[in-house]
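Next comes protein-v4.cif, a file with mmCIF, C-alpha atoms and all ligand atoms.
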```cif
data_query
loop_
_atom_site.label_atom_id
_atom_site.label_comp_id
_atom_site.auth_asym_id
_atom_site.auth_seq_id
_atom_site.Cartn_x
_atom_site.Cartn_y
_atom_site.Cartn_z
CA MET A 27 -19.24 -51.62 23.60
CA ARG A 28 -22.82 -51.13 22.43
CA ILE A 29 -26.22 -52.77 22.57
CA HIS A 30 -28.53 -52.66 19.53
CA GLU A 31 -31.32 -54.50 21.32
CA TYR A 32 -32.23 -55.50 24.88
CA GLY A 33 -31.31 -58.99 26.03
CA GLY A 34 -28.68 -61.30 27.53
CA LEU A 35 -24.92 -60.75 27.71
CA GLU A 36 -24.65 -61.62 24.00
CA VAL A 37 -26.26 -58.29 22.98
CA LEU A 38 -23.12 -56.42 24.15
CA LYS A 39 -21.14 -55.82 20.93
CA PHE A 40 -17.53 -54.67 20.76
CA GLU A 41 -17.48 -52.46 17.66
CA GLU A 42 -16.57 -49.07 16.16
CA ALA A 43 -18.88 -46.20 17.06
CA PRO A 44 -18.76 -42.51 16.12
CA CYS A 45 -16.80 -40.24 18.46
CA PRO A 46 -19.24 -37.91 20.26
CA ARG A 47 -18.84 -34.13 19.92
CA PRO A 48 -19.13 -31.86 22.94
CA GLN A 49 -22.01 -29.39 22.66
CA ALA A 50 -22.22 -26.04 24.46
CA GLY A 51 -21.40 -26.52 28.15
CA GLU A 52 -20.04 -30.05 27.61
CA VAL A 53 -16.59 -31.62 27.69
CA LEU A 54 -15.25 -34.55 25.66
CA ILE A 55 -13.51 -37.09 27.90
CA ARG A 56 -11.04 -39.69 26.67
CA VAL A 57 -12.07 -42.62 28.84
CA ARG A 58 -9.34 -44.43 30.74
CA ALA A 59 -11.60 -46.53 32.94
CA ALA A 60 -15.33 -47.15 33.32
CA GLY A 61 -16.99 -48.33 36.52
CA VAL A 62 -19.59 -51.11 36.33
CA ASN A 63 -22.88 -50.78 38.23
CA PRO A 64 -25.96 -53.03 38.45
CA VAL A 65 -27.92 -50.46 36.42
CA ASP A 66 -25.65 -51.25 33.42
CA TRP A 67 -26.97 -54.79 33.09
CA LYS A 68 -30.50 -53.82 34.14
CA VAL A 69 -30.54 -51.41 31.17
CA ARG A 70 -29.05 -54.08 28.88
CA LYS A 71 -31.80 -56.51 29.86
CA GLY A 72 -34.46 -53.87 29.13
CA ASP A 73 -35.60 -53.66 32.77
CA ALA A 74 -35.39 -49.85 32.73
CA LYS A 75 -36.64 -49.20 29.21
CA ASN A 76 -39.92 -47.57 30.24
CA LEU A 77 -38.21 -45.31 32.74
CA LEU A 78 -35.09 -44.29 30.83
CA LYS A 79 -36.39 -44.49 27.22
CA HIS A 80 -32.93 -44.89 25.65
CA SER A 81 -32.51 -44.75 21.91
CA LEU A 82 -30.57 -47.70 20.52
CA PRO A 83 -27.78 -48.43 19.78
CA LEU A 84 -26.62 -47.45 23.25
CA ILE A 85 -23.24 -47.40 24.98
CA PRO A 86 -23.89 -48.51 28.58
CA GLY A 87 -21.95 -47.74 31.77
CA TRP A 88 -22.13 -44.27 33.31
CA ASP A 89 -19.11 -44.11 35.64
CA VAL A 90 -16.05 -42.61 34.00
CA SER A 91 -12.50 -41.58 34.78
CA GLY A 92 -10.32 -40.03 32.08
CA ILE A 93 -8.89 -36.86 30.59
CA VAL A 94 -10.59 -33.86 28.97
CA VAL A 95 -9.56 -33.74 25.28
CA ALA A 96 -11.99 -31.08 23.96
CA THR A 97 -14.43 -28.55 25.35
CA GLY A 98 -17.64 -27.16 23.89
CA ARG A 99 -18.60 -23.47 23.86
CA GLU A 100 -19.31 -21.86 27.24
CA VAL A 101 -17.21 -24.35 29.20
CA GLN A 102 -15.55 -22.25 31.88
CA ARG A 103 -14.09 -24.32 34.69
CA LEU A 104 -12.49 -27.29 32.92
CA LYS A 105 -9.79 -27.32 30.24
CA VAL A 106 -8.10 -29.78 27.89
CA GLY A 107 -5.69 -31.97 29.86
CA ASP A 108 -7.69 -31.98 33.11
CA GLU A 109 -7.89 -35.44 34.68
CA VAL A 110 -11.53 -35.86 35.60
CA TYR A 111 -14.22 -38.25 36.79
CA SER A 112 -17.97 -38.16 36.48
CA LEU A 113 -21.31 -39.89 36.66
CA LEU A 114 -22.50 -39.49 33.06
CA ASP A 115 -26.07 -38.70 32.04
CA ILE A 116 -27.92 -42.00 32.35
CA TYR A 117 -30.36 -41.00 29.60
CA ARG A 118 -27.52 -40.83 27.05
CA ASN A 119 -24.52 -42.91 25.91
CA GLY A 120 -22.21 -44.09 28.69
CA ALA A 121 -18.54 -44.86 29.29
CA TYR A 122 -17.97 -48.40 27.91
CA ALA A 123 -16.11 -46.59 25.11
CA GLU A 124 -12.97 -44.63 24.24
CA TYR A 125 -14.76 -41.26 24.41
CA ALA A 126 -17.72 -39.84 26.30
CA VAL A 127 -19.32 -36.40 26.64
CA MET A 128 -20.84 -34.82 29.72
CA ARG A 129 -21.96 -31.37 30.82
CA GLU A 130 -19.29 -29.55 32.77
CA SER A 131 -21.56 -29.13 35.82
CA ALA A 132 -21.33 -32.88 36.51
CA VAL A 133 -17.59 -33.37 35.87
CA ALA A 134 -15.00 -32.90 38.63
CA LEU A 135 -11.25 -33.23 38.86
CA LYS A 136 -10.50 -36.82 39.86
CA PRO A 137 -8.80 -37.56 43.19
CA SER A 138 -5.10 -36.98 42.54
CA SER A 139 -3.90 -39.68 44.95
CA ILE A 140 -5.42 -42.65 43.07
CA ASP A 141 -5.34 -44.03 39.51
CA ASP A 142 -8.16 -44.00 36.95
CA ILE A 143 -9.25 -47.55 37.79
CA HIS A 144 -9.98 -46.50 41.37
CA SER A 145 -11.52 -43.14 40.37
CA ALA A 146 -13.90 -44.88 37.97
CA ALA A 147 -15.12 -47.02 40.88
CA ILE A 148 -16.39 -43.95 42.74
CA PRO A 149 -19.01 -41.75 41.05
CA MET A 150 -22.34 -43.59 41.05
CA ALA A 151 -21.80 -45.63 44.22
CA ALA A 152 -20.31 -42.80 46.29
CA LEU A 153 -22.82 -40.18 45.08
CA THR A 154 -25.64 -42.60 45.87
CA ALA A 155 -24.32 -43.18 49.38
CA TRP A 156 -23.77 -39.43 49.86
CA GLN A 157 -27.19 -38.33 48.59
CA SER A 158 -28.99 -41.13 50.48
CA LEU A 159 -27.29 -40.63 53.85
CA PHE A 160 -26.85 -36.88 53.89
CA HIS A 161 -29.55 -35.34 51.64
CA ALA A 162 -32.43 -37.79 52.06
CA GLY A 163 -31.45 -39.27 55.44
CA GLY A 164 -30.03 -36.10 57.04
CA LEU A 165 -27.56 -38.30 58.95
CA GLN A 166 -25.86 -36.52 61.86
CA ALA A 167 -22.96 -37.31 64.18
CA GLY A 168 -24.02 -39.61 67.01
CA GLN A 169 -26.99 -41.09 65.13
CA LYS A 170 -27.42 -44.80 64.48
CA VAL A 171 -27.53 -45.98 60.85
CA LEU A 172 -28.26 -49.45 59.48
CA ILE A 173 -26.77 -50.07 56.02
CA HIS A 174 -28.04 -53.07 54.06
CA GLY A 175 -25.71 -54.57 51.45
CA ALA A 176 -22.80 -52.93 53.26
CA ALA A 177 -20.14 -54.89 51.33
CA GLY A 178 -21.43 -53.87 47.89
CA GLY A 179 -20.54 -50.89 45.73
CA VAL A 180 -22.90 -48.41 47.40
CA GLY A 181 -22.66 -50.03 50.83
CA SER A 182 -18.85 -49.91 51.01
CA PHE A 183 -18.95 -46.14 50.47
CA ALA A 184 -21.95 -45.67 52.76
CA VAL A 185 -20.18 -47.37 55.69
CA GLN A 186 -17.13 -45.13 55.29
CA LEU A 187 -19.14 -41.91 54.79
CA ALA A 188 -21.41 -42.62 57.77
CA ARG A 189 -18.36 -43.32 59.92
CA TRP A 190 -16.71 -40.12 58.68
CA LYS A 191 -19.86 -38.20 59.70
CA GLY A 192 -19.53 -39.62 63.20
CA ALA A 193 -22.53 -41.95 63.11
CA TYR A 194 -22.79 -45.37 64.79
CA VAL A 195 -22.69 -47.76 61.82
CA ILE A 196 -24.34 -51.18 61.57
CA GLY A 197 -23.93 -53.09 58.30
CA THR A 198 -25.52 -56.25 56.94
CA ALA A 199 -23.46 -58.59 54.75
CA SER A 200 -22.67 -62.27 54.42
CA GLY A 201 -20.27 -63.67 57.04
CA GLU A 202 -17.17 -63.70 54.84
CA ASN A 203 -17.36 -59.88 54.58
CA ARG A 204 -17.13 -59.34 58.36
CA HIS A 205 -13.42 -58.44 58.38
CA PHE A 206 -13.81 -56.23 55.28
CA LEU A 207 -16.62 -54.22 56.89
CA SER A 208 -14.85 -53.74 60.17
CA GLU A 209 -11.83 -52.43 58.22
CA LEU A 210 -14.14 -49.93 56.51
CA GLY A 211 -15.30 -48.71 59.92
CA ALA A 212 -18.55 -50.54 60.72
CA ASP A 213 -19.24 -50.69 64.47
CA GLU A 214 -21.51 -53.75 64.20
CA ILE A 215 -21.81 -56.31 61.43
CA ILE A 216 -24.80 -58.58 60.99
CA ASP A 217 -24.46 -61.74 58.91
CA TYR A 218 -27.86 -61.59 57.18
CA ARG A 219 -27.68 -65.30 56.37
CA ARG A 220 -27.56 -66.25 60.08
CA THR A 221 -29.32 -63.43 61.93
CA SER A 222 -32.54 -61.57 61.19
CA PHE A 223 -31.39 -57.98 61.50
CA GLU A 224 -34.76 -56.85 62.90
CA THR A 225 -34.20 -59.03 65.98
CA VAL A 226 -31.00 -57.19 66.95
CA VAL A 227 -31.32 -53.61 65.62
CA HIS A 228 -33.61 -51.12 67.37
CA GLY A 229 -33.95 -47.36 67.39
CA ALA A 230 -32.14 -46.66 64.10
CA ASP A 231 -32.24 -43.03 62.99
CA VAL A 232 -31.55 -43.93 59.35
CA VAL A 233 -31.80 -47.19 57.40
CA LEU A 234 -30.15 -47.28 53.98
CA ASP A 235 -31.70 -50.11 51.98
CA THR A 236 -29.76 -51.20 48.89
CA ILE A 237 -31.57 -54.56 48.62
CA GLY A 238 -35.32 -53.89 48.49
CA GLY A 239 -38.16 -56.45 48.69
CA ASP A 240 -38.36 -58.33 51.96
CA THR A 241 -35.30 -56.49 53.37
CA LEU A 242 -37.12 -53.18 52.91
CA LEU A 243 -40.33 -54.48 54.48
CA ARG A 244 -38.51 -55.87 57.53
CA SER A 245 -36.65 -52.58 57.97
CA TRP A 246 -39.65 -50.50 59.11
CA GLY A 247 -39.56 -52.11 62.55
CA VAL A 248 -35.95 -51.16 63.35
CA LEU A 249 -36.55 -47.41 63.02
CA GLY A 250 -36.65 -45.25 66.12
CA VAL A 251 -38.83 -42.19 66.70
CA ASN A 252 -38.75 -39.91 63.64
CA GLY A 253 -36.40 -42.36 61.90
CA ILE A 254 -36.17 -42.53 58.11
CA LEU A 255 -36.06 -45.47 55.72
CA VAL A 256 -34.11 -44.50 52.60
CA SER A 257 -34.17 -46.99 49.75
CA ILE A 258 -32.35 -47.00 46.44
CA ALA A 259 -33.84 -50.34 45.43
CA ASP A 260 -37.64 -50.09 45.91
CA GLN A 261 -40.03 -47.25 46.69
CA PRO A 262 -40.96 -47.48 50.40
CA SER A 263 -44.70 -47.11 51.04
CA PRO A 264 -45.66 -43.57 52.18
CA GLU A 265 -48.80 -45.05 53.82
CA GLU A 266 -46.71 -47.46 55.89
CA ALA A 267 -44.43 -44.61 56.99
CA LEU A 268 -47.45 -42.55 58.04
CA LYS A 269 -48.95 -45.48 59.92
CA ARG A 270 -45.71 -46.04 61.84
CA ASP A 271 -44.99 -42.35 62.37
CA VAL A 272 -41.62 -42.55 60.63
CA ARG A 273 -40.32 -41.13 57.34
CA GLN A 274 -39.34 -42.64 54.00
CA ALA A 275 -37.53 -41.64 50.81
CA PHE A 276 -36.54 -43.20 47.51
CA VAL A 277 -33.31 -41.82 46.06
CA PHE A 278 -32.56 -41.60 42.35
CA THR A 279 -28.93 -40.51 42.19
CA MET A 280 -28.11 -37.24 40.43
CA PRO A 281 -24.74 -36.38 38.80
CA MET A 282 -23.11 -33.47 40.70
CA ALA A 283 -19.62 -32.03 40.24
CA THR A 284 -19.68 -30.21 43.58
CA GLU A 285 -20.31 -33.43 45.50
CA LEU A 286 -17.75 -35.33 43.42
CA ALA A 287 -15.22 -32.64 44.34
CA GLU A 288 -16.00 -33.08 48.06
CA ILE A 289 -15.70 -36.85 47.67
CA ALA A 290 -12.36 -36.47 45.84
CA ALA A 291 -11.08 -34.31 48.71
CA LEU A 292 -12.03 -37.02 51.22
CA VAL A 293 -10.23 -39.64 49.12
CA ASP A 294 -7.11 -37.47 48.87
CA ALA A 295 -7.22 -36.85 52.63
CA GLY A 296 -7.23 -40.63 53.22
CA ARG A 297 -10.75 -40.56 54.74
CA LEU A 298 -12.48 -42.55 51.98
CA ARG A 299 -11.24 -45.32 49.71
CA PRO A 300 -12.81 -47.01 46.73
CA VAL A 301 -12.60 -50.79 46.96
CA VAL A 302 -11.99 -52.42 43.60
CA ASP A 303 -12.97 -56.08 43.42
CA THR A 304 -12.06 -56.89 39.80
CA VAL A 305 -10.56 -55.11 36.77
CA VAL A 306 -11.58 -56.34 33.31
CA PRO A 307 -10.55 -55.04 29.84
CA LEU A 308 -13.28 -53.15 27.96
CA ALA A 309 -13.51 -55.91 25.35
CA GLU A 310 -14.58 -58.31 28.12
CA ALA A 311 -17.47 -56.18 29.37
CA ARG A 312 -19.74 -59.22 29.14
CA ARG A 313 -17.66 -60.93 31.85
CA ALA A 314 -17.75 -57.78 33.99
CA GLN A 315 -21.55 -57.61 33.79
CA MET A 316 -21.84 -61.33 34.52
CA LEU A 317 -19.82 -60.80 37.72
CA SER A 318 -21.93 -57.80 38.73
CA GLN A 319 -25.11 -59.79 38.12
CA SER A 320 -23.99 -62.40 40.66
CA GLY A 321 -25.13 -59.85 43.31
CA HIS A 322 -22.26 -60.61 45.69
CA THR A 323 -19.60 -58.15 44.63
CA HIS A 324 -17.11 -57.10 47.26
CA GLY A 325 -16.66 -53.42 46.33
CA LYS A 326 -16.57 -52.48 42.64
CA ILE A 327 -15.87 -53.94 39.18
CA VAL A 328 -14.05 -51.65 36.73
CA LEU A 329 -13.41 -51.81 32.98
CA GLN A 330 -9.95 -50.79 31.86
CA VAL A 331 -10.34 -48.81 28.65
CA ASP A 332 -7.05 -47.04 27.94
N1 LIG A 401 -31.72 -45.55 42.95
C1 LIG A 401 -30.49 -45.28 42.50
O1 LIG A 401 -30.20 -44.17 42.02
C2 LIG A 401 -29.43 -46.35 42.59
C3 LIG A 401 -28.08 -45.99 42.50
C4 LIG A 401 -27.11 -46.99 42.63
C5 LIG A 401 -27.50 -48.32 42.85
N2 LIG A 401 -28.83 -48.62 42.88
C6 LIG A 401 -29.27 -50.02 43.10
O2 LIG A 401 -28.86 -50.40 44.40
C7 LIG A 401 -28.57 -51.78 44.43
C8 LIG A 401 -27.18 -51.99 45.03
O3 LIG A 401 -26.19 -51.45 44.18
P1 LIG A 401 -24.65 -51.78 44.41
O4 LIG A 401 -23.90 -51.10 43.33
O5 LIG A 401 -24.26 -51.54 45.81
O6 LIG A 401 -24.68 -53.38 44.15
P2 LIG A 401 -23.54 -54.47 44.32
O7 LIG A 401 -22.19 -53.81 44.30
O8 LIG A 401 -23.84 -55.56 43.36
O9 LIG A 401 -23.71 -55.01 45.82
C9 LIG A 401 -24.65 -55.91 46.17
C10 LIG A 401 -24.33 -56.32 47.65
O10 LIG A 401 -25.52 -56.78 48.22
C11 LIG A 401 -25.17 -57.74 49.21
N3 LIG A 401 -26.37 -58.51 49.49
C12 LIG A 401 -27.07 -59.34 48.66
N4 LIG A 401 -28.18 -59.78 49.30
C13 LIG A 401 -28.19 -59.21 50.53
C14 LIG A 401 -29.08 -59.25 51.65
N5 LIG A 401 -30.21 -59.98 51.63
N6 LIG A 401 -28.78 -58.50 52.74
C15 LIG A 401 -27.65 -57.75 52.79
N7 LIG A 401 -26.76 -57.68 51.78
C16 LIG A 401 -27.03 -58.40 50.67
C17 LIG A 401 -24.01 -58.48 48.62
O11 LIG A 401 -23.17 -58.81 49.70
P3 LIG A 401 -22.83 -60.29 50.15
O12 LIG A 401 -21.84 -60.82 49.15
O13 LIG A 401 -22.29 -60.07 51.51
O14 LIG A 401 -24.13 -61.07 50.10
C18 LIG A 401 -23.31 -57.43 47.75
O15 LIG A 401 -22.16 -56.95 48.41
C19 LIG A 401 -28.72 -52.27 42.99
O16 LIG A 401 -30.01 -52.82 42.84
C20 LIG A 401 -28.61 -51.01 42.17
O17 LIG A 401 -29.26 -51.09 40.92
C21 LIG A 401 -29.80 -47.68 42.77
#
```
Kindly return the structure encoded in the file as structure tokens.
Amino acid sequence: MRIHEYGGLEVLKFEEAPCPRPQAGEVLIRVRAAGVNPVDWKVRKGDAKNLLKHSLPLIPGWDVSGIVVATGREVQRLKVGDEVYSLLDIYRNGAYAEYAVMRESAVALKPSSIDDIHSAAIPMAALTAWQSLFHAGGLQAGQKVLIHGAAGGVGSFAVQLARWKGAYVIGTASGENRHFLSELGADEIIDYRRTSFETVVHGADVVLDTIGGDTLLRSWGVLGVNGILVSIADQPSPEEALKRDVRQAFVFTMPMATELAEIAALVDAGRLRPVVDTVVPLAEARRAQMLSQSGHTHGKIVLQVD
């Protein structure tokens, strides 16, 4: 599935493309499933063209689960036949395809207890939650965290990871997701359509903002002393953080095999579960992106490739 130009859903073309070859340090993955993320359709629309500078035609979609079918020179850890998952390099071709290549350092063995559809739902969303809460946010047991968009792809992992860490977890979502979020382990759920979160949350140690805009701006006031506002949607203002004597960070998620391996271990131990909302065949990637664009996904959308 490729795009030759930026634009609407119609620019996604189902066609033959050359099979990539693994270079030194890279593995060739036969794709069984590809996870869908909002960045896929943002790239298709051209919203990220100045930042990512892709060359066209481009295969979108950077979440993959599949099997290693060839290895380049200097690949040491992985071998043909390994069942793997990865967040591919967002500057290159993605996983809406039968084959994809990635450097070994960002490819991990997939969780053995789940199928490829569920593994493909993990990499970008779970790595984003992990890097935002633990690296940028420094979240510790006993701290209070507010997670915006808690029912979405990133949010559904963030709630579970924060709970696993031993934090007190507050999530915002629309009312129909209340039961879903309490199942994932949220201690408090705020229906953002009925309640302004800043009127009920105080003294948060970490806020994870997956929404941006007004939600980000209203989040400053809920932070406690030395709290941190971590956004993956908009850059928080360093001046505002300074003025309020709190901290801020913007996270741009990085592919990491070591973290994917830790996440796989949590999944296999039953501590973390990917929530798949909808599975769509690769040929219907337009429908998958249309669903993702609705902005109200409950967990993840996955393309079945194999
Ligand atoms: N910087 C990075 O590296 C990075 C990495 C990954 C994702 N992102 C970005 O982060 C954003 C979220 O990604 P995602 O994969 O989690 O998206 P997603 O799966 O589409 O989830 C969106 C969620 O937002 C909720 N929502 C919408 N408006 C809301 C509001 N005002 N308050 C609270 N919740 C609201 C929706 O829940 P309801 O149905 O309950 O409304 C939905 O569950 C996207 O913009 C994506 O591009 C950035």
Show me a table, sorted first by chain and then by increasing residue number, of the residues of chain A having an atom at most 7 Å from ligand LIG 401 (chain A), each with its shortest atom pair and the distance in Å to one decimal, counting all atoms listed in the file and written as JSON lines.
```
{"residue": "A:Asn63", "atom": "CA", "partner": "A:LIG401", "partner_atom": "O4", "distance": 5.2}
{"residue": "A:Pro64", "atom": "CA", "partner": "A:LIG401", "partner_atom": "O17", "distance": 4.6}
{"residue": "A:Val65", "atom": "CA", "partner": "A:LIG401", "partner_atom": "O17", "distance": 4.7}
{"residue": "A:Met150", "atom": "CA", "partner": "A:LIG401", "partner_atom": "C4", "distance": 6.1}
{"residue": "A:Ala151", "atom": "CA", "partner": "A:LIG401", "partner_atom": "C4", "distance": 5.7}
{"residue": "A:Thr154", "atom": "CA", "partner": "A:LIG401", "partner_atom": "C3", "distance": 5.4}
{"residue": "A:His174", "atom": "CA", "partner": "A:LIG401", "partner_atom": "C15", "distance": 4.9}
{"residue": "A:Gly175", "atom": "CA", "partner": "A:LIG401", "partner_atom": "N7", "distance": 3.3}
{"residue": "A:Ala176", "atom": "CA", "partner": "A:LIG401", "partner_atom": "O15", "distance": 6.3}
{"residue": "A:Ala177", "atom": "CA", "partner": "A:LIG401", "partner_atom": "O15", "distance": 4.1}
{"residue": "A:Gly178", "atom": "CA", "partner": "A:LIG401", "partner_atom": "O15", "distance": 3.2}
{"residue": "A:Gly179", "atom": "CA", "partner": "A:LIG401", "partner_atom": "O7", "distance": 3.6}
{"residue": "A:Val180", "atom": "CA", "partner": "A:LIG401", "partner_atom": "O5", "distance": 3.8}
{"residue": "A:Gly181", "atom": "CA", "partner": "A:LIG401", "partner_atom": "O5", "distance": 5.5}
{"residue": "A:Thr198", "atom": "CA", "partner": "A:LIG401", "partner_atom": "C15", "distance": 4.9}
{"residue": "A:Ala199", "atom": "CA", "partner": "A:LIG401", "partner_atom": "O13", "distance": 3.7}
{"residue": "A:Ser200", "atom": "CA", "partner": "A:LIG401", "partner_atom": "O13", "distance": 3.7}
{"residue": "A:Gly201", "atom": "CA", "partner": "A:LIG401", "partner_atom": "O13", "distance": 6.9}
{"residue": "A:Asn203", "atom": "CA", "partner": "A:LIG401", "partner_atom": "O13", "distance": 5.8}
{"residue": "A:Tyr218", "atom": "CA", "partner": "A:LIG401", "partner_atom": "N6", "distance": 5.5}
{"residue": "A:Thr236", "atom": "CA", "partner": "A:LIG401", "partner_atom": "O2", "distance": 4.6}
{"residue": "A:Ile237", "atom": "CA", "partner": "A:LIG401", "partner_atom": "C7", "distance": 5.9}
{"residue": "A:Thr241", "atom": "CA", "partner": "A:LIG401", "partner_atom": "N5", "distance": 6.4}
{"residue": "A:Ile258", "atom": "CA", "partner": "A:LIG401", "partner_atom": "N1", "distance": 3.8}
{"residue": "A:Ala259", "atom": "CA", "partner": "A:LIG401", "partner_atom": "O2", "distance": 5.1}
{"residue": "A:Val277", "atom": "CA", "partner": "A:LIG401", "partner_atom": "N1", "distance": 5.1}
{"residue": "A:Phe278", "atom": "CA", "partner": "A:LIG401", "partner_atom": "O1", "distance": 3.5}
{"residue": "A:Thr279", "atom": "CA", "partner": "A:LIG401", "partner_atom": "O1", "distance": 3.9}
{"residue": "A:Ser318", "atom": "CA", "partner": "A:LIG401", "partner_atom": "O8", "distance": 5.5}
{"residue": "A:Gln319", "atom": "CA", "partner": "A:LIG401", "partner_atom": "O8", "distance": 6.9}
{"residue": "A:Gly321", "atom": "CA", "partner": "A:LIG401", "partner_atom": "O8", "distance": 4.5}
{"residue": "A:His322", "atom": "CA", "partner": "A:LIG401", "partner_atom": "O12", "distance": 3.5}
{"residue": "A:Thr323", "atom": "CA", "partner": "A:LIG401", "partner_atom": "O15", "distance": 4.7}
{"residue": "A:His324", "atom": "CA", "partner": "A:LIG401", "partner_atom": "O15", "distance": 5.2}
{"residue": "A:Gly325", "atom": "CA", "partner": "A:LIG401", "partner_atom": "O7", "distance": 5.9}
{"residue": "A:Lys326", "atom": "CA", "partner": "A:LIG401", "partner_atom": "O7", "distance": 6.0}
```
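Nearest residue to A:Pro149, choosing from A:Ser257, A:Gln274, A:Ser131, A:Ser91 and counting all atoms listed in the file: A:Ser91.
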> Skipping near chain neighbours, those fewer than 6 positions away, what residues fall within 9 Å of A:Gly87 using only C-alpha atoms, listed as a ChimeraX atom specification?
Replying inline: /A:60-63,65-67,114,116,119-123
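Atom pair atom CA of A:Ala147 / atom CA of A:Ile254: separated by 27.6 Å.
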> Looking at A:Thr97, A:Leu54, A:Ile173, A:Leu317, which one is nearest to A:Leu207, with distances taken over only C-alpha atoms?
Replying inline: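 Result for the nearest residue to A:Leu207: A:Ile173.
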> Between A:Ala193, A:Ala184, A:Cys45, A:Val227, which one has atoms that come closest to A:Trp156, using all atoms listed in the file?
Replying inline: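 That would be A:Ala184, the residue with the smallest distance to A:Trp156.
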Excluding A:Pro137 and residues on its chain fewer than 2 positions from it, collect all residues at most 12 Å away from it, counting only C-alpha atoms, and give them as an mmCIF file with C-alpha atoms, keeping the file's coordinate frame.
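After the write, out_30.cif holds the following:
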```cif
data_model
loop_
_atom_site.group_PDB
_atom_site.id
_atom_site.type_symbol
_atom_site.label_atom_id
_atom_site.label_comp_id
_atom_site.auth_asym_id
_atom_site.auth_seq_id
_atom_site.Cartn_x
_atom_site.Cartn_y
_atom_site.Cartn_z
ATOM 1 C CA SER A 91 -12.500 -41.580 34.780
ATOM 2 C CA GLY A 92 -10.320 -40.030 32.080
ATOM 3 C CA ASP A 108 -7.690 -31.980 33.110
ATOM 4 C CA GLU A 109 -7.890 -35.440 34.680
ATOM 5 C CA VAL A 110 -11.530 -35.860 35.600
ATOM 6 C CA TYR A 111 -14.220 -38.250 36.790
ATOM 7 C CA SER A 112 -17.970 -38.160 36.480
ATOM 8 C CA ALA A 134 -15.000 -32.900 38.630
ATOM 9 C CA LEU A 135 -11.250 -33.230 38.860
ATOM 10 C CA SER A 139 -3.900 -39.680 44.950
ATOM 11 C CA ILE A 140 -5.420 -42.650 43.070
ATOM 12 C CA ASP A 141 -5.340 -44.030 39.510
ATOM 13 C CA ASP A 142 -8.160 -44.000 36.950
ATOM 14 C CA ILE A 143 -9.250 -47.550 37.790
ATOM 15 C CA HIS A 144 -9.980 -46.500 41.370
ATOM 16 C CA SER A 145 -11.520 -43.140 40.370
ATOM 17 C CA ALA A 146 -13.900 -44.880 37.970
ATOM 18 C CA ALA A 147 -15.120 -47.020 40.880
ATOM 19 C CA ILE A 148 -16.390 -43.950 42.740
ATOM 20 C CA PRO A 149 -19.010 -41.750 41.050
ATOM 21 C CA LEU A 286 -17.750 -35.330 43.420
ATOM 22 C CA ALA A 287 -15.220 -32.640 44.340
ATOM 23 C CA GLU A 288 -16.000 -33.080 48.060
ATOM 24 C CA ILE A 289 -15.700 -36.850 47.670
ATOM 25 C CA ALA A 290 -12.360 -36.470 45.840
ATOM 26 C CA ALA A 291 -11.080 -34.310 48.710
ATOM 27 C CA LEU A 292 -12.030 -37.020 51.220
ATOM 28 C CA VAL A 293 -10.230 -39.640 49.120
ATOM 29 C CA ASP A 294 -7.110 -37.470 48.870
ATOM 30 C CA ALA A 295 -7.220 -36.850 52.630
ATOM 31 C CA GLY A 296 -7.230 -40.630 53.220
ATOM 32 C CA LEU A 298 -12.480 -42.550 51.980
ATOM 33 C CA ARG A 299 -11.240 -45.320 49.710
ATOM 34 C CA PRO A 300 -12.810 -47.010 46.730
#
```
>> Just to confirm, what's the straight-line distance from atom CA of A:Gln49 to atom CA of A:Tyr117 in Å (one decimal)?
In response: 15.9 Å
> Could you state the separation of atom CA of A:Asn76 and atom CA of A:Ile327 in Å, given to one decimal place?
Replying inline: 26.4 Å
> Pick the closest to A:Ala152 from A:Phe206, A:Tyr194, A:Phe183, A:Tyr32: which is it, counting all atoms listed in the file?
Replying inline: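 Ranking A:Phe206, A:Tyr194, A:Phe183, A:Tyr32 by distance to A:Ala152, first place goes to A:Phe183.
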What's the 12 Å shell around A:Pro48, counting all atoms listed in the file, without same-chain residues fewer than 6 positions away, as a PDB file with C-alpha atoms, in the coordinates of the input?
```pdb
ATOM      1  CA  LEU A  54     -15.250 -34.550  25.660  1.00  0.00           C
ATOM      2  CA  ILE A  55     -13.510 -37.090  27.900  1.00  0.00           C
ATOM      3  CA  ARG A  56     -11.040 -39.690  26.670  1.00  0.00           C
ATOM      4  CA  VAL A  94     -10.590 -33.860  28.970  1.00  0.00           C
ATOM      5  CA  VAL A  95      -9.560 -33.740  25.280  1.00  0.00           C
ATOM      6  CA  ALA A  96     -11.990 -31.080  23.960  1.00  0.00           C
ATOM      7  CA  THR A  97     -14.430 -28.550  25.350  1.00  0.00           C
ATOM      8  CA  GLY A  98     -17.640 -27.160  23.890  1.00  0.00           C
ATOM      9  CA  ARG A  99     -18.600 -23.470  23.860  1.00  0.00           C
ATOM     10  CA  GLU A 100     -19.310 -21.860  27.240  1.00  0.00           C
ATOM     11  CA  VAL A 101     -17.210 -24.350  29.200  1.00  0.00           C
ATOM     12  CA  TYR A 125     -14.760 -41.260  24.410  1.00  0.00           C
ATOM     13  CA  ALA A 126     -17.720 -39.840  26.300  1.00  0.00           C
ATOM     14  CA  VAL A 127     -19.320 -36.400  26.640  1.00  0.00           C
ATOM     15  CA  MET A 128     -20.840 -34.820  29.720  1.00  0.00           C
ATOM     16  CA  ARG A 129     -21.960 -31.370  30.820  1.00  0.00           C
ATOM     17  CA  GLU A 130     -19.290 -29.550  32.770  1.00  0.00           C
TER      18      GLU A 130
END
```
> What's the 8 Å shell around A:Ile196, counting all atoms listed in the file, without same-chain residues fewer than 4 positions away, as a ChimeraX atom specification?
Replying inline: /A:170-173,212-216
